[in-house]
Amino acid sequence: MNLAHVLWLFGVAVGASALGGMLGMAGGIFIVPILTLFGHLDIRTAIGASIVSVIACSCGSAAQFLESGLTNIRLAVLLETATTAGALTGVLLAGIIPVPYLYFLFALVLAVSAKQMMSRRGEPAALAPTANGSGWSAALRLDSTYPDRTFGQTVAYQVQRVPMGMSLMYGAGLISALLGIGSGVLKIPAMDTALRLPIKVSSATSNFMIGVTAAASAGAYFMRGEIIPAVAGPVALGSVIGSILGARILMAISNDRIRLFFVVVLVALAIQMLLSAFGVHLVGGSE
Amino acid sequence: MTRRDAIIPRLESLLAMLLRYGTWLASGLIGVGVTLALLHALPATDTPSSLGLRLITAGIVCFILLPVCRVAIMLVVFIVERDFRFVAIAAAVLAIILAGFALGTRSAKTQPHAGSSATHPAK
């Protein structure tokens, strides 16, 4: 361990998590590409470090969300059965999938995230109450309320199409474990199109689930010895600090500018990862 | 109905407290560990060699266990609430996470180097 390397890892994690935190995501989606492309770390080492960082980000910000009363804890626990099962599948696959495929898959997820960022997310429609709610939601008492500050009142909402939401969550958990990312971006379709949650509730609930999902895969990677303390330690520490910073900066800069910057970074990283999948290294290849 | 409404806010603040202090503890362990490891790397200092890395590992284990504790607390609260469907659901989540640990341990045995740092990271 030397100072320059530790500072570099720490700096990458602060930057990535601050950037992610500004839009309410974990920084994992930036950490893995930067560590592999610029730091020339093994992609599995990077994924191991990143998954710890995802937990760190989630734990740091989940407390705030919980106190705001936006998290639907019951729904989160239910969906966690699907995300953790997906995570275990991901861990099993991670041992089998060849490294170039991992790069390719990562490029794909970066591209999907960029697209997701561009399309503005509207409040899901059809919040109109269905007669008695679906069987699942009623049987498990998933419907809840949240305090809305803009209207200064408590808003009630219903949870819809739970089985479809669960299947999408299984996929999100799988990708999260496989690539060492929080995959909050991939949870958005499940939250919006299937479950039809209000945006604030879905961000808080998704954030709450990310930690538990990541713990399922991080536990397995840790026992397997794929989490290297000398790398994961500085990255985790930087992530905690970065996510705190990100939440602060969020208030200062306009949302549109962050969004554009985000898309540019995501697309650039996607191209790099795609090239790496085919064995082309543009950055620092000679080092 | 009234009992459930009383328990959920308590659960929320309990979980928020766990996450907040847990994050501080884990970050603290890693921070001290990194500092010690760096001091050790300097020439002409004689800090104990593996202590830094052990503290870092302990911090990482802390981070991994935080969400597990979170689910465990939820499980207890659901038991107190006598909400047995959710007791089963939370237990299933815990079981899946523990299965992950077991899965990692089993595949670590095939690679002799890996996983050796997993046992008792810090004393």
# chains A, B, ... in the order shown; residues from 1 in each chain; ligands from 1

call {"tool": "residues_around", "arguments": {"residues": "A:Val54", "least_positions_apart": "2", "cutoff": "6 Å", "atoms": "only C-alpha atoms", "output": "ChimeraX atom specification"}}
result
/A:26,51-52,56-57,182

call {"tool": "interface_residues", "arguments": {"of": "chain A", "to": "chain B", "cutoff": "6 Å", "atoms": "only C-alpha atoms", "output": "PyMOL selection string"}}
result
chain A and resi 59+63+66+81+211-212+215-216+219-220+223-225+229+233+237

call {"tool": "atom_distance", "arguments": {"atom1": "atom CA of A:Trp8", "atom2": "atom CA of A:Gln64"}}
result
28.7 Å

call {"tool": "residues_around", "arguments": {"residues": "stretch 172-176 of chain A", "least_positions_apart": "6", "cutoff": "8 Å", "atoms": "only C-alpha atoms", "output": "MDAnalysis selection string"}}
result
chainID A and resid 82:91 182:183 186:187 213:214

call {"tool": "closest_residue", "arguments": {"among": "A:Thr205, A:Gln158, A:Ser276, A:Ser239", "to": "A:Val77", "atoms": "only C-alpha atoms"}}
result
A:Thr205

call {"tool": "atom_distance", "arguments": {"atom1": "atom CA of A:Ala218", "atom2": "atom CA of A:Ala177"}}
result
7.9 Å

call {"tool": "atom_distance", "arguments": {"atom1": "atom CA of A:Phe261", "atom2": "atom CA of A:Val99"}}
result
28.6 Å

call {"tool": "closest_residue", "arguments": {"among": "A:Leu79, A:Ile258, A:Ile34, A:Leu269", "to": "A:Ala46", "atoms": "only C-alpha atoms"}}
result
A:Ile34

call {"tool": "select_by_dssp", "arguments": {"residues": "stretch 30-255 of chain A", "states": "strand (DSSP E or B)", "output": "list of chain:residue names"}}
result
A:Ser144, A:Thr145, A:Tyr146, A:Pro147, A:Asp148, A:Gln153, A:Thr154, A:Val155, A:Ala156, A:Tyr157

call {"tool": "write_last_selection", "arguments": {"atoms": "N, CA and C atoms", "output": "tab-separated table (two decimals), in the first residue's frame"}}
result
chain	number	residue	atom	x	y	z
A	144	SER	N	-49.56	2.35	1.28
A	144	SER	CA	-49.09	3.18	2.39
A	144	SER	C	-49.34	4.65	2.09
A	145	THR	N	-48.78	5.50	2.92
A	145	THR	CA	-48.90	6.95	2.70
A	145	THR	C	-47.52	7.56	2.86
A	146	TYR	N	-47.35	8.75	2.31
A	146	TYR	CA	-46.09	9.46	2.56
A	146	TYR	C	-46.38	10.94	2.71
A	147	PRO	N	-45.52	11.63	3.49
A	147	PRO	CA	-45.71	13.07	3.68
A	147	PRO	C	-45.19	13.84	2.46
A	148	ASP	N	-46.00	14.64	1.84
A	148	ASP	CA	-45.56	15.45	0.70
A	148	ASP	C	-45.35	16.88	1.15
A	153	GLN	N	-49.24	17.76	2.86
A	153	GLN	CA	-50.25	16.82	3.33
A	153	GLN	C	-49.77	15.38	3.15
A	154	THR	N	-50.49	14.46	3.69
A	154	THR	CA	-50.14	13.06	3.56
A	154	THR	C	-50.84	12.48	2.34
A	155	VAL	N	-50.05	11.85	1.47
A	155	VAL	CA	-50.60	11.30	0.24
A	155	VAL	C	-50.65	9.78	0.35
A	156	ALA	N	-51.80	9.21	0.03
A	156	ALA	CA	-51.93	7.75	0.06
A	156	ALA	C	-51.64	7.21	-1.33
A	157	TYR	N	-51.04	6.02	-1.40
A	157	TYR	CA	-50.80	5.41	-2.71
A	157	TYR	C	-51.00	3.91	-2.62

call {"tool": "select_by_dssp", "arguments": {"residues": "stretch 34-98 of chain B", "states": "helix (DSSP H, G or I)", "output": "PyMOL selection string"}}
result
chain B and resi 34-41+51-81+84-98
